[in-house]
Structures are given as C-alpha cells and as structure tokens.
Amino acid sequence: MTTIAGLASNRGRNLLHIEDRRPGGAELGVVLSNHAEAPVLDAASERGIPTEVVERGDDESREAHERRVLDALSSYDFDLVCLDGYMRVLTDTFLDAAPTTLNVHPSLLPSFPGTDAHEQVLDAGVSVTGCTVHVVTEEVDAGPIVTQESVPVYADDDADALKSRVLYDAEFSAYPRAVRWFAEDRLHVEGDRTDADGDLTVTVDGDDGGDFPERRVVSDDRSATLRYGENPHQDAAVYADTAASEASVVEAPQLNEGAKALSYNNYNDADAALNLIKEFEAPAAAVIKHTNPAGCATADTLADAYADALATDPMSAFGGIVALNRECDAATAEAIVDSFKEVVVAPGYTEAALDVLTATEDLRVLDVGALDERTDRLTEKPLVGGRLVQERDLWAPDRADLDIVTETEPTDAELETMLFAWKVLKHVKSNGIVLADGTETVGVGMGQVSRVDAVRLAAMKATEHAEGKGPEGTVMASDAFFPFPDGVEEAAESGIEAVIQPGGSVNDEDVIAACDERDIPMAFTGRRCFRHD
C-alpha cells in the first residue's frame with residue numbers, strides 16, 4: 001500500500017480528496033503544514049490522520065526550515081510526497097532526502113506558471129485552461145509533467161469561477177490519477193533531478209490510446225437548450241459532437257420551422273428510430289415509442305413498409321416517432337399524417353411530401369441527410385460519477401452464421417424472417433422478444449424482467465393490437481437464450497412456427513427438445529443482443 005506525506009499551507013482540498021478517494025489504495029499517512037492555522041490540519045485530524053506543523057522563522061533559511069520539516073516527517077513511513085498549495089519553493093535539501101514529490105499546478109504548464117495562474121489565463125484570453133500534475137524540482141513549476149486535465153474558459157469567468165472549475169473538474173481528476181499510477185507502480189521517474197540538461201523523465205505504463213484509452217477528453221458544443229428534460233421539472237440541453245460524420249438527429253435541420261423545437265424525449269426517440277432503420281438496405285420504416293419499436297417493416301415501397309410497421313401496434317404508435325431510410329414521398333407522407341405523430345426522420349423529402357407533412361401543426365420534420373456508413377464505433381451511457389463506454393452493436397447474423405440445432409429445418413422464408421427479426425430485436429429493450437412475419441413485425445415484447453413475460457407480451461400485442469396480423473405462423477426472436485423450455489412452450493401455444501435465439505444455456509438441450517416435440521425449427525446465433533437503455 002502506498003502511503004503519502006501531504007504538505008499544504010491552507011485548505012489542502014486536493015489532499016483530502018485523495019484521502020477520501022484512496023486511488024490505487026493510497027492513503028495519507030501524515031499531513032504537514034507551515035501554518036499552524038491551516039484548515040487542512042483540522043480536516044485531517046477529523047479523518048484520523050496525524051498532523052505536523054513546522055512554521056518558518058522570520059530569519060530562517062529555506063534549507064534550515066526544510067531540515068526541520070524532514071525531521072518532523074522522520075518518524076513516519078511514506079512512499080510519496082504530495083504538495084497541495086504548499087507555498088514554499090523546495091530546495092535540494094528536501095528533494096534529495098524525500099521520495100518522489102508531486103505537485104498540482106492550476107494551469108496547463110508550461111503556460112501560466114507561478115502563483116497567479118488564473119489571472120494570467122484570463123488576461124491572456126485563452127479559451128482552455130486546466131491543471132498539471134508534475135514532479136517537483138527546484139525550478140518552480142518546471143518539473144516533468146505526469147498528467148494534465150483541461151477545462152474550458154467561459155466569457156463570463158472571473159478568477160474565482162475559474163479557480164473553482166479547475167479545482168473540481170480538473171485537479172480532482174488529475175491528481176488522484178497520478179497517485180493511482182504511482183500506487184500501481186506504473187509511474188516511473190528516471191534521470192538526475194539535478195542535471196542541468198533537464199533529462200529527468202516521466203513514463204507511465206499502459207497510458208495508451210485506442211478505443212478505450214487510459215484517459216478520455218470529451219468536448220462537445222451545445223447545440224440547443226431544450227424546453228425541459230424527460231420531465232418538465234428537469235432542465236436539459238443537447239450537445240453536438242461536431243467531428244461526427246454519421247447521419248444524426250442532433251443537428252438535423254427541422255424543415256417546418258414554425259413547429260415547436262424538439263424536446264429531450266423527441267431527440268432520444270428520434271435517435272433510436274434512426275438507428276433502427278439504418279439496419280436495412282431495402283425500403284424500411286419504423287415507428288418508435290419511448291425508444292422501443294412499436295413496429296418495423298421493409299417492403300418494395302416506402303409507403304408499404306410504413307403501413308406494415310404501423311399495423312403492428314397502431315395504438316402504441318400514437319404520438320410516436322417515424323423513421324424512414326429512403327426519401328419520403330407523398331404517398332408515405334399522406335399515411336404518416338393520417339394519425340398523430342411527433343417527429344418524422346428521413347434522409348430527404350420530395351416537395352410534395354413536404355407540402356403534406358408541414359401542413360400538420362407541430363409535426364417536426366427532420367432531414368438527416370444521406371444514410372451512409374455507420375462510422376461512430378462507440379456508444380456511452382452517463383452514470384452518476386462516471387460513464388460506461390462500449391462498442392456499438394453493429395453485428396447482425398447472415399445465413400452462414402445461423403446454427404440450425406433442431407431436427408426440423410427452417411424454410412428459406414423463415415430464415416429470411418429470422419434475419420429481419422434479429423435486426424429489429426437489437427433495438428428492443430431487454431428482455432426483448434420480437435414476433436415477425438416476412439419482413440414485418442407482428443408483436444414486440446420489451447423491457448420485461450422475465451423472458452416468459454416478454455413472450456406473453458409479444459403474443460398479446462400480436463393478438464390484440466396488430467391490425468390484420470396475429471402470432472400464428474410467426475418467427476420468434478429472443479435477445480438472449482431461453483434458460484428453460486417454458487419460453488418456447490409459451491410461444492408454441494400462441495402459434496409461432498420458428499425460433500431464433502443466441503443459445504448458450506445449460507438447458508439448451510431441453511429447449512431444443514421442446515422445439516423438436518412441436519416440429520419447430522430453431523436457429524442459434526451464438527451471440528446475444530441485450531439492450532438495457
């Protein structure tokens with residue numbers, strides 16, 4: 001375990017934050033201040049951390065003071081020294097006797113060294129500042145850099161606002177990171193600190209890039225301030241990644257300028273709808289409600305695809321989002337406005353289609369441009385205190401990927417439907433079930449904590465809500481394996497005739513047997529497609 005000797009002259013908020021976080025298991029073994037009234041002393045004592053005070057006499061040399069500091073620390077075992085607002089320039093007397101000593105400076109060194117960094121930043125008119133964790137040398141703020149963290153400078157900033165942002169958004173990230181690297185024996189300081197040529201170097205094992213780098217810096221620009229968030233009592237805004245090239249709803253022009261702007265939920269649902277129809281090459285339409293497909297279909301024409309998608313669950317589609325993967329024509333537009341929709345998303349519109357769509361009050365019409373290659377490889381979900389980052393699920397099986405595990409072989413038509421259903425299923429909240437016929441959905445069971453309940457919901461939707469459709473003769477797709485035969489048995493009672501699922505359960509043989517008993521063909525994909533948000 002790494003033990004730290006912390007030196008501070010005032011509040012020592014970085015030291016206390018490191019103690020509270022204990023990065024890499026490191027902990028404060030002692031806090032020393034050169035001011036007897038420094039608030040950090042009481043805060044450390046409250047945490048059970050020993051404290052020392054070594055004030056410098058009026059006529060005392062730096063070297064003599066540092067020898068007394070070292071003497072005060074001599075009864076403590078520590079591996080690392082961390083400075084935090086320690087308002088003394090250290091000399092070789094201390095640095096030669098102490099282990100690696102780190103400091104955090106409130107600017108992006110080598111810019112703006114010294115005690116008035118925030119004022120220097122504001123006077124210079126720069127748009128970005130931050131903090132630097134560096135190895136301490138006798139030359140002030142000139143030691144080799146361990147890590148840095150940036151923050152924006154805003155037009156209305158004063159020194160106090162900037163100081164607070166740098167502390168909480170930069171220093172509180174960078175300093176624990178450097179301590180963690182040291183505690184994990186990944187931070188290496190090499191060379192002679194006293195060498196005039198300045199060949200003291202810092203290296204960090206594993207501080208690499210790639211899709212999941214050791215450090216992430218994300219910078220987005222606010223595209224719009226929204227009326228509210230998911231609920232009216234929540235404030236919200238949408239931010240744009242201006243480097244993104246993939247078709248997106250974030251900055252898609254709204255073609256009916258008189259309609260109200262998109263809400264938080266509109267953006268979320270429109271994004272989900274657009275991502276779904278990007279799965280298909282044939283003319284495709286999807287209706288989304290609360291990020292889940294109410295219906296999806298492909299057909300020879302866009303109007304037919306929309307009609308088939310809507311017919312899956314026209315009741316749930318009320319007030320939904322429509323996404324199309326072709327230029328919207330007048331026939332499709334006429335069908336869309338026949339019932340209430342919030343937003344239409346498409347890669348273009350004919351003039352006749354626009355005349356129809358813009359005549360409907362508050363139907364937002366978004367033109368996302370050409371649906372070219374899906375270039376964004378990662379997706380992320382904010383958490384309180386962090387975020388999850390993962391690869392986007394861009395995989396879908398083709399026929400060669402399917403493992404037919406039952407005695408009964410699926411027909412070519414059933415195989416085609418299996419592949420279609422899987423592409424829709426990827427966009428259904430888990431536990432998810434899709435019933436499909438041909439290349440159109442018939443029933444969708446989403447967001448259930450029980451997979452059997454998801455089957456029941458899909459069958460109920462197909463029976464009670466679908467227009468001109470039903471569960472009989474459909475293909476069932478499941479986003480994860482069936483742990484027991486009951487899911488297949490439930491589906492069979494509703495008349496499903498084929499199954500596609502990932503496989504991989506310890507009870508796969510029982511599930512296969514249940515299908516064989518009913519002459520139901522089943523294919524395994526070998527991959528699941530969970531979607532939890």
# chains A, B, ... in the order shown; residues from 1 in each chain; ligands from 1
>>> residues_around(residues="Lys289 (chain A)", least_positions_apart="5", cutoff="9 Å", atoms="only C-alpha atoms", output="PyMOL selection string")
chain A and resi 269+273+294+316-321
>>> residues_around(residues="region 358-374 of chain A", least_positions_apart="3", cutoff="6 Å", atoms="only C-alpha atoms", output="ChimeraX atom specification")
/A:246-248,252-256,259,342-348,354-355
>>> write_last_selection(atoms="N, CA, C and O atoms", output="CSV table (one decimal), in the first residue's frame")
chain,number,residue,atom,x,y,z
A,246,GLU,N,-21.5,10.7,-39.2
A,246,GLU,CA,-22.6,9.8,-39.5
A,246,GLU,C,-23.9,10.5,-39.4
A,246,GLU,O,-24.1,11.5,-38.6
A,247,ALA,N,-24.9,10.1,-40.2
A,247,ALA,CA,-26.2,10.8,-40.2
A,247,ALA,C,-26.8,10.7,-38.8
A,247,ALA,O,-26.8,9.7,-38.1
A,248,SER,N,-27.3,11.9,-38.3
A,248,SER,CA,-27.7,12.0,-36.9
A,248,SER,C,-28.8,13.0,-36.8
A,248,SER,O,-29.0,13.9,-37.6
A,252,ALA,N,-29.7,17.8,-37.3
A,252,ALA,CA,-30.5,17.7,-38.5
A,252,ALA,C,-31.5,18.9,-38.6
A,252,ALA,O,-32.1,19.3,-37.6
A,253,PRO,N,-31.5,19.5,-39.8
A,253,PRO,CA,-32.4,20.7,-39.9
A,253,PRO,C,-33.9,20.3,-39.8
A,253,PRO,O,-34.3,19.3,-40.2
A,254,GLN,N,-34.6,21.2,-39.1
A,254,GLN,CA,-36.0,21.0,-38.9
A,254,GLN,C,-36.7,21.7,-40.0
A,254,GLN,O,-36.7,23.0,-40.0
A,255,LEU,N,-37.4,21.0,-40.9
A,255,LEU,CA,-37.8,21.7,-42.2
A,255,LEU,C,-39.1,22.5,-42.0
A,255,LEU,O,-39.4,23.3,-42.8
A,256,ASN,N,-39.9,22.2,-41.0
A,256,ASN,CA,-41.1,23.0,-40.7
A,256,ASN,C,-40.7,24.0,-39.5
A,256,ASN,O,-41.0,23.7,-38.4
A,259,ALA,N,-43.0,24.9,-36.4
A,259,ALA,CA,-43.3,23.9,-35.3
A,259,ALA,C,-42.4,24.1,-34.1
A,259,ALA,O,-41.3,24.6,-34.2
A,342,GLU,N,-45.2,12.6,-33.6
A,342,GLU,CA,-44.4,13.8,-33.1
A,342,GLU,C,-43.4,14.2,-34.0
A,342,GLU,O,-43.2,15.4,-34.3
A,343,VAL,N,-42.6,13.3,-34.6
A,343,VAL,CA,-41.5,13.6,-35.4
A,343,VAL,C,-41.4,12.6,-36.6
A,343,VAL,O,-41.7,11.4,-36.4
A,344,VAL,N,-40.9,13.1,-37.7
A,344,VAL,CA,-40.6,12.2,-38.9
A,344,VAL,C,-39.1,12.5,-39.2
A,344,VAL,O,-38.6,13.6,-39.2
A,345,VAL,N,-38.3,11.4,-39.3
A,345,VAL,CA,-36.9,11.4,-39.6
A,345,VAL,C,-36.7,10.7,-40.9
A,345,VAL,O,-37.1,9.5,-41.1
A,346,ALA,N,-36.0,11.3,-41.8
A,346,ALA,CA,-35.7,10.7,-43.1
A,346,ALA,C,-34.5,11.4,-43.8
A,346,ALA,O,-34.1,12.5,-43.4
A,347,PRO,N,-33.9,10.7,-44.8
A,347,PRO,CA,-32.8,11.2,-45.5
A,347,PRO,C,-33.1,12.1,-46.6
A,347,PRO,O,-32.4,12.3,-47.6
A,348,GLY,N,-34.3,12.7,-46.6
A,348,GLY,CA,-34.8,13.7,-47.6
A,348,GLY,C,-36.3,13.5,-47.8
A,348,GLY,O,-36.9,12.6,-47.4
A,354,LEU,N,-43.2,17.2,-48.5
A,354,LEU,CA,-43.1,18.3,-47.5
A,354,LEU,C,-44.4,19.1,-47.4
A,354,LEU,O,-44.8,19.6,-46.4
A,355,ASP,N,-45.1,19.3,-48.6
A,355,ASP,CA,-46.3,20.0,-48.5
A,355,ASP,C,-47.3,19.3,-47.6
A,355,ASP,O,-48.1,20.0,-46.9
>>> select_by_dssp(residues="region 364-519 of chain A", states="alpha helix (DSSP H)", output="CSV table (one decimal) with N, CA and C atoms, in the first residue's frame")
chain,number,residue,atom,x,y,z
A,412,ASP,N,-36.7,-21.3,-46.4
A,412,ASP,CA,-36.0,-20.1,-46.8
A,412,ASP,C,-36.7,-18.9,-46.3
A,413,ALA,N,-38.0,-18.9,-46.4
A,413,ALA,CA,-38.8,-17.7,-45.9
A,413,ALA,C,-38.6,-17.5,-44.4
A,414,GLU,N,-38.6,-18.6,-43.7
A,414,GLU,CA,-38.4,-18.5,-42.2
A,414,GLU,C,-37.0,-17.9,-41.9
A,415,LEU,N,-36.0,-18.4,-42.7
A,415,LEU,CA,-34.6,-17.9,-42.5
A,415,LEU,C,-34.6,-16.4,-42.8
A,416,GLU,N,-35.2,-16.0,-43.8
A,416,GLU,CA,-35.2,-14.5,-44.1
A,416,GLU,C,-35.9,-13.8,-43.0
A,417,THR,N,-36.9,-14.3,-42.5
A,417,THR,CA,-37.6,-13.6,-41.4
A,417,THR,C,-36.8,-13.6,-40.1
A,418,MET,N,-36.1,-14.7,-39.8
A,418,MET,CA,-35.2,-14.7,-38.7
A,418,MET,C,-34.2,-13.6,-38.7
A,419,LEU,N,-33.6,-13.4,-39.9
A,419,LEU,CA,-32.5,-12.3,-40.1
A,419,LEU,C,-33.1,-10.9,-39.9
A,420,PHE,N,-34.3,-10.7,-40.4
A,420,PHE,CA,-35.0,-9.5,-40.3
A,420,PHE,C,-35.3,-9.2,-38.8
A,421,ALA,N,-35.9,-10.2,-38.2
A,421,ALA,CA,-36.3,-10.1,-36.8
A,421,ALA,C,-35.2,-9.7,-35.9
A,422,TRP,N,-34.0,-10.3,-36.1
A,422,TRP,CA,-32.8,-10.1,-35.3
A,422,TRP,C,-32.4,-8.6,-35.4
A,423,LYS,N,-32.5,-8.0,-36.6
A,423,LYS,CA,-32.1,-6.6,-36.7
A,423,LYS,C,-33.0,-5.7,-36.0
A,424,VAL,N,-34.3,-6.0,-35.9
A,424,VAL,CA,-35.2,-5.2,-35.1
A,424,VAL,C,-35.0,-5.5,-33.6
A,425,LEU,N,-34.8,-6.7,-33.3
A,425,LEU,CA,-34.6,-7.1,-31.9
A,425,LEU,C,-33.4,-6.4,-31.2
A,451,ARG,N,-38.3,-13.4,-19.2
A,451,ARG,CA,-38.3,-13.7,-20.6
A,451,ARG,C,-39.6,-14.3,-21.0
A,452,VAL,N,-40.2,-15.1,-20.2
A,452,VAL,CA,-41.5,-15.7,-20.5
A,452,VAL,C,-42.6,-14.6,-20.6
A,453,ASP,N,-42.5,-13.6,-19.7
A,453,ASP,CA,-43.4,-12.5,-19.7
A,453,ASP,C,-43.2,-11.7,-21.0
A,454,ALA,N,-42.0,-11.6,-21.5
A,454,ALA,CA,-41.7,-10.9,-22.8
A,454,ALA,C,-42.4,-11.6,-23.9
A,455,VAL,N,-42.4,-13.0,-23.9
A,455,VAL,CA,-43.1,-13.8,-24.9
A,455,VAL,C,-44.6,-13.6,-24.8
A,456,ARG,N,-45.1,-13.6,-23.6
A,456,ARG,CA,-46.5,-13.4,-23.4
A,456,ARG,C,-46.9,-12.0,-23.9
A,457,LEU,N,-46.1,-11.0,-23.6
A,457,LEU,CA,-46.4,-9.6,-24.0
A,457,LEU,C,-46.4,-9.5,-25.6
A,458,ALA,N,-45.4,-10.1,-26.2
A,458,ALA,CA,-45.4,-10.0,-27.7
A,458,ALA,C,-46.6,-10.7,-28.3
A,459,ALA,N,-46.9,-11.9,-27.7
A,459,ALA,CA,-48.1,-12.6,-28.3
A,459,ALA,C,-49.4,-11.8,-28.0
A,460,MET,N,-49.5,-11.2,-26.8
A,460,MET,CA,-50.7,-10.4,-26.6
A,460,MET,C,-50.8,-9.2,-27.5
A,461,LYS,N,-49.7,-8.5,-27.7
A,461,LYS,CA,-49.7,-7.4,-28.7
A,461,LYS,C,-50.1,-7.9,-30.1
A,462,ALA,N,-49.6,-9.0,-30.5
A,462,ALA,CA,-49.9,-9.5,-31.8
A,462,ALA,C,-51.4,-9.9,-31.9
A,463,THR,N,-51.9,-10.4,-30.8
A,463,THR,CA,-53.3,-10.8,-30.9
A,463,THR,C,-54.3,-9.7,-30.7
A,464,GLU,N,-54.0,-8.7,-29.9
A,464,GLU,CA,-55.0,-7.7,-29.5
A,464,GLU,C,-54.7,-6.4,-30.2
A,486,ASP,N,-39.8,-23.2,-21.0
A,486,ASP,CA,-41.1,-22.6,-20.9
A,486,ASP,C,-41.4,-21.4,-21.8
A,487,GLY,N,-40.3,-20.7,-22.2
A,487,GLY,CA,-40.5,-19.6,-23.2
A,487,GLY,C,-40.9,-20.1,-24.5
A,488,VAL,N,-40.3,-21.2,-25.0
A,488,VAL,CA,-40.7,-21.8,-26.3
A,488,VAL,C,-42.0,-22.4,-26.2
A,489,GLU,N,-42.3,-23.1,-25.0
A,489,GLU,CA,-43.6,-23.7,-24.9
A,489,GLU,C,-44.7,-22.6,-24.9
A,490,GLU,N,-44.5,-21.5,-24.3
A,490,GLU,CA,-45.5,-20.4,-24.3
A,490,GLU,C,-45.7,-19.9,-25.7
A,491,ALA,N,-44.6,-19.7,-26.4
A,491,ALA,CA,-44.7,-19.2,-27.8
A,491,ALA,C,-45.5,-20.2,-28.7
A,492,ALA,N,-45.2,-21.5,-28.5
A,492,ALA,CA,-45.8,-22.5,-29.3
A,492,ALA,C,-47.3,-22.5,-29.1
A,493,GLU,N,-47.8,-22.2,-27.9
A,493,GLU,CA,-49.2,-22.2,-27.6
A,493,GLU,C,-49.9,-21.0,-28.4
A,508,ASP,N,-29.9,-25.8,-22.9
A,508,ASP,CA,-30.2,-25.8,-24.4
A,508,ASP,C,-30.8,-27.0,-24.9
A,509,GLU,N,-30.4,-28.2,-24.4
A,509,GLU,CA,-30.9,-29.4,-24.9
A,509,GLU,C,-32.4,-29.6,-24.6
A,510,ASP,N,-32.8,-29.1,-23.4
A,510,ASP,CA,-34.2,-29.2,-23.1
A,510,ASP,C,-35.0,-28.3,-24.0
A,511,VAL,N,-34.5,-27.1,-24.3
A,511,VAL,CA,-35.2,-26.1,-25.1
A,511,VAL,C,-35.3,-26.7,-26.6
A,512,ILE,N,-34.2,-27.3,-27.0
A,512,ILE,CA,-34.2,-27.9,-28.4
A,512,ILE,C,-35.2,-29.0,-28.4
A,513,ALA,N,-35.2,-29.9,-27.4
A,513,ALA,CA,-36.2,-31.0,-27.3
A,513,ALA,C,-37.6,-30.5,-27.4
A,514,ALA,N,-37.9,-29.3,-26.7
A,514,ALA,CA,-39.3,-28.8,-26.7
A,514,ALA,C,-39.6,-28.3,-28.1
A,515,CYS,N,-38.7,-27.8,-28.9
A,515,CYS,CA,-39.0,-27.4,-30.3
A,515,CYS,C,-39.2,-28.7,-31.1
A,516,ASP,N,-38.3,-29.7,-30.9
A,516,ASP,CA,-38.4,-30.9,-31.7
A,516,ASP,C,-39.8,-31.6,-31.5
A,517,GLU,N,-40.2,-31.6,-30.3
A,517,GLU,CA,-41.5,-32.2,-30.0
A,517,GLU,C,-42.7,-31.5,-30.7
>>> atom_distance(atom1="CA of Phe524 (chain A)", atom2="CA of Ala436 (chain A)")
16.8 Å
>>> closest_residue(among="A:Arg222, A:Arg11, A:Arg531, A:Lys469", to="Pro39 (chain A)", atoms="only C-alpha atoms")
A:Arg11
>>> residues_around(residues="region 204-206 of chain A", least_positions_apart="4", cutoff="8 Å", atoms="only C-alpha atoms", output="number ranges by chain")
A: 181, 186-188, 214
>>> closest_residue(among="A:Leu80, A:Ala303, A:Ala8, A:Val121", to="Val53 (chain A)", atoms="only C-alpha atoms")
A:Ala8
>>> closest_residue(among="A:Asp437, A:Asp141, A:Glu380, A:Glu467", to="Val499 (chain A)", atoms="only C-alpha atoms")
A:Asp437
>>> residues_around(residues="Gly504 (chain A)", least_positions_apart="2", cutoff="8 Å", atoms="only C-alpha atoms", output="PyMOL selection string")
chain A and resi 481+502+506+508+526
>>> atom_distance(atom1="CA of Leu16 (chain A)", atom2="CA of Val40 (chain A)")
7.9 Å
>>> closest_residue(among="A:Ser505, A:Asn325, A:Thr375, A:Ser223", to="Thr242 (chain A)", atoms="only C-alpha atoms")
A:Ser223
>>> closest_residue(among="A:His118, A:Arg88, A:Arg180, A:Lys163", to="Met1 (chain A)", atoms="only C-alpha atoms")
A:Arg180
>>> atom_distance(atom1="CA of His290 (chain A)", atom2="CA of Val322 (chain A)")
12.1 Å
>>> closest_residue(among="A:Arg21, A:His465, A:Arg518, A:Lys278", to="Tyr175 (chain A)", atoms="only C-alpha atoms")
A:Arg21
>>> residues_around(residues="Asp211 (chain A)", least_positions_apart="5", cutoff="10 Å", atoms="only C-alpha atoms", output="short mmCIF file (atom, residue, chain, number, x, y, z; two decimals) with N, CA and C atoms, in the first residue's frame")
data_model
loop_
_atom_site.label_atom_id
_atom_site.label_comp_id
_atom_site.auth_asym_id
_atom_site.auth_seq_id
_atom_site.Cartn_x
_atom_site.Cartn_y
_atom_site.Cartn_z
N ARG A 216 -9.76 9.97 -21.06
CA ARG A 216 -10.64 10.46 -22.10
C ARG A 216 -10.87 11.95 -21.92
N ARG A 377 -18.22 4.28 -33.75
CA ARG A 377 -17.96 2.91 -33.31
C ARG A 377 -18.31 2.68 -31.84
N LEU A 378 -18.40 3.75 -31.07
CA LEU A 378 -18.60 3.61 -29.63
C LEU A 378 -19.90 4.26 -29.22
N VAL A 389 -18.64 3.06 -21.44
CA VAL A 389 -18.33 3.19 -22.86
C VAL A 389 -18.17 1.79 -23.43
N GLN A 390 -18.79 1.56 -24.57
CA GLN A 390 -18.69 0.25 -25.21
C GLN A 390 -18.75 0.41 -26.73
N GLU A 391 -18.33 -0.65 -27.41
CA GLU A 391 -18.51 -0.69 -28.86
C GLU A 391 -19.99 -0.73 -29.19
#
>>> residues_around(residues="Tyr76 (chain A)", least_positions_apart="4", cutoff="12 Å", atoms="only C-alpha atoms", output="PyMOL selection string")
chain A and resi 3-6+28-32+49-52+69-72+80-81+98
>>> decode(residues="region 503-518 of chain A", atoms="N, CA, C and O atoms", output="mmCIF file, in the first residue's frame")
data_model
loop_
_atom_site.group_PDB
_atom_site.id
_atom_site.type_symbol
_atom_site.label_atom_id
_atom_site.label_comp_id
_atom_site.auth_asym_id
_atom_site.auth_seq_id
_atom_site.Cartn_x
_atom_site.Cartn_y
_atom_site.Cartn_z
ATOM 1 N N GLY A 503 -28.721 -19.016 -27.961
ATOM 2 C CA GLY A 503 -28.222 -20.277 -27.425
ATOM 3 C C GLY A 503 -27.199 -20.001 -26.336
ATOM 4 O O GLY A 503 -26.830 -18.857 -26.051
ATOM 5 N N GLY A 504 -26.721 -21.070 -25.708
ATOM 6 C CA GLY A 504 -25.699 -20.926 -24.680
ATOM 7 C C GLY A 504 -26.161 -21.227 -23.277
ATOM 8 O O GLY A 504 -25.391 -21.128 -22.333
ATOM 9 N N SER A 505 -27.419 -21.634 -23.110
ATOM 10 C CA SER A 505 -27.917 -22.003 -21.791
ATOM 11 C C SER A 505 -27.471 -23.422 -21.433
ATOM 12 O O SER A 505 -27.276 -24.274 -22.312
ATOM 13 N N VAL A 506 -27.335 -23.668 -20.134
ATOM 14 C CA VAL A 506 -27.039 -25.031 -19.694
ATOM 15 C C VAL A 506 -28.199 -25.961 -20.010
ATOM 16 O O VAL A 506 -28.042 -27.191 -20.017
ATOM 17 N N ASN A 507 -29.371 -25.374 -20.273
ATOM 18 C CA ASN A 507 -30.563 -26.169 -20.591
ATOM 19 C C ASN A 507 -30.915 -26.115 -22.070
ATOM 20 O O ASN A 507 -32.070 -26.351 -22.446
ATOM 21 N N ASP A 508 -29.927 -25.805 -22.919
ATOM 22 C CA ASP A 508 -30.195 -25.751 -24.357
ATOM 23 C C ASP A 508 -30.825 -27.039 -24.875
ATOM 24 O O ASP A 508 -31.748 -26.994 -25.707
ATOM 25 N N GLU A 509 -30.355 -28.168 -24.406
ATOM 26 C CA GLU A 509 -30.875 -29.448 -24.917
ATOM 27 C C GLU A 509 -32.362 -29.599 -24.607
ATOM 28 O O GLU A 509 -33.130 -30.112 -25.436
ATOM 29 N N ASP A 510 -32.777 -29.125 -23.439
ATOM 30 C CA ASP A 510 -34.199 -29.199 -23.090
ATOM 31 C C ASP A 510 -35.025 -28.270 -23.978
ATOM 32 O O ASP A 510 -36.150 -28.603 -24.378
ATOM 33 N N VAL A 511 -34.469 -27.094 -24.279
ATOM 34 C CA VAL A 511 -35.174 -26.147 -25.143
ATOM 35 C C VAL A 511 -35.269 -26.704 -26.558
ATOM 36 O O VAL A 511 -36.316 -26.606 -27.223
ATOM 37 N N ILE A 512 -34.174 -27.293 -27.033
ATOM 38 C CA ILE A 512 -34.185 -27.905 -28.368
ATOM 39 C C ILE A 512 -35.215 -29.035 -28.423
ATOM 40 O O ILE A 512 -35.983 -29.168 -29.395
ATOM 41 N N ALA A 513 -35.248 -29.854 -27.366
ATOM 42 C CA ALA A 513 -36.207 -30.964 -27.325
ATOM 43 C C ALA A 513 -37.639 -30.453 -27.372
ATOM 44 O O ALA A 513 -38.511 -31.044 -28.034
ATOM 45 N N ALA A 514 -37.904 -29.326 -26.676
ATOM 46 C CA ALA A 514 -39.250 -28.762 -26.695
ATOM 47 C C ALA A 514 -39.637 -28.324 -28.099
ATOM 48 O O ALA A 514 -40.801 -28.470 -28.513
ATOM 49 N N CYS A 515 -38.683 -27.809 -28.859
ATOM 50 C CA CYS A 515 -38.953 -27.437 -30.255
ATOM 51 C C CYS A 515 -39.159 -28.683 -31.115
ATOM 52 O O CYS A 515 -40.082 -28.732 -31.955
ATOM 53 N N ASP A 516 -38.307 -29.687 -30.911
ATOM 54 C CA ASP A 516 -38.426 -30.903 -31.721
ATOM 55 C C ASP A 516 -39.768 -31.592 -31.491
ATOM 56 O O ASP A 516 -40.372 -32.143 -32.423
ATOM 57 N N GLU A 517 -40.248 -31.567 -30.265
ATOM 58 C CA GLU A 517 -41.538 -32.186 -29.966
ATOM 59 C C GLU A 517 -42.671 -31.511 -30.734
ATOM 60 O O GLU A 517 -43.715 -32.124 -30.989
ATOM 61 N N ARG A 518 -42.461 -30.257 -31.126
ATOM 62 C CA ARG A 518 -43.513 -29.484 -31.779
ATOM 63 C C ARG A 518 -43.188 -29.187 -33.237
ATOM 64 O O ARG A 518 -43.880 -28.390 -33.877
#
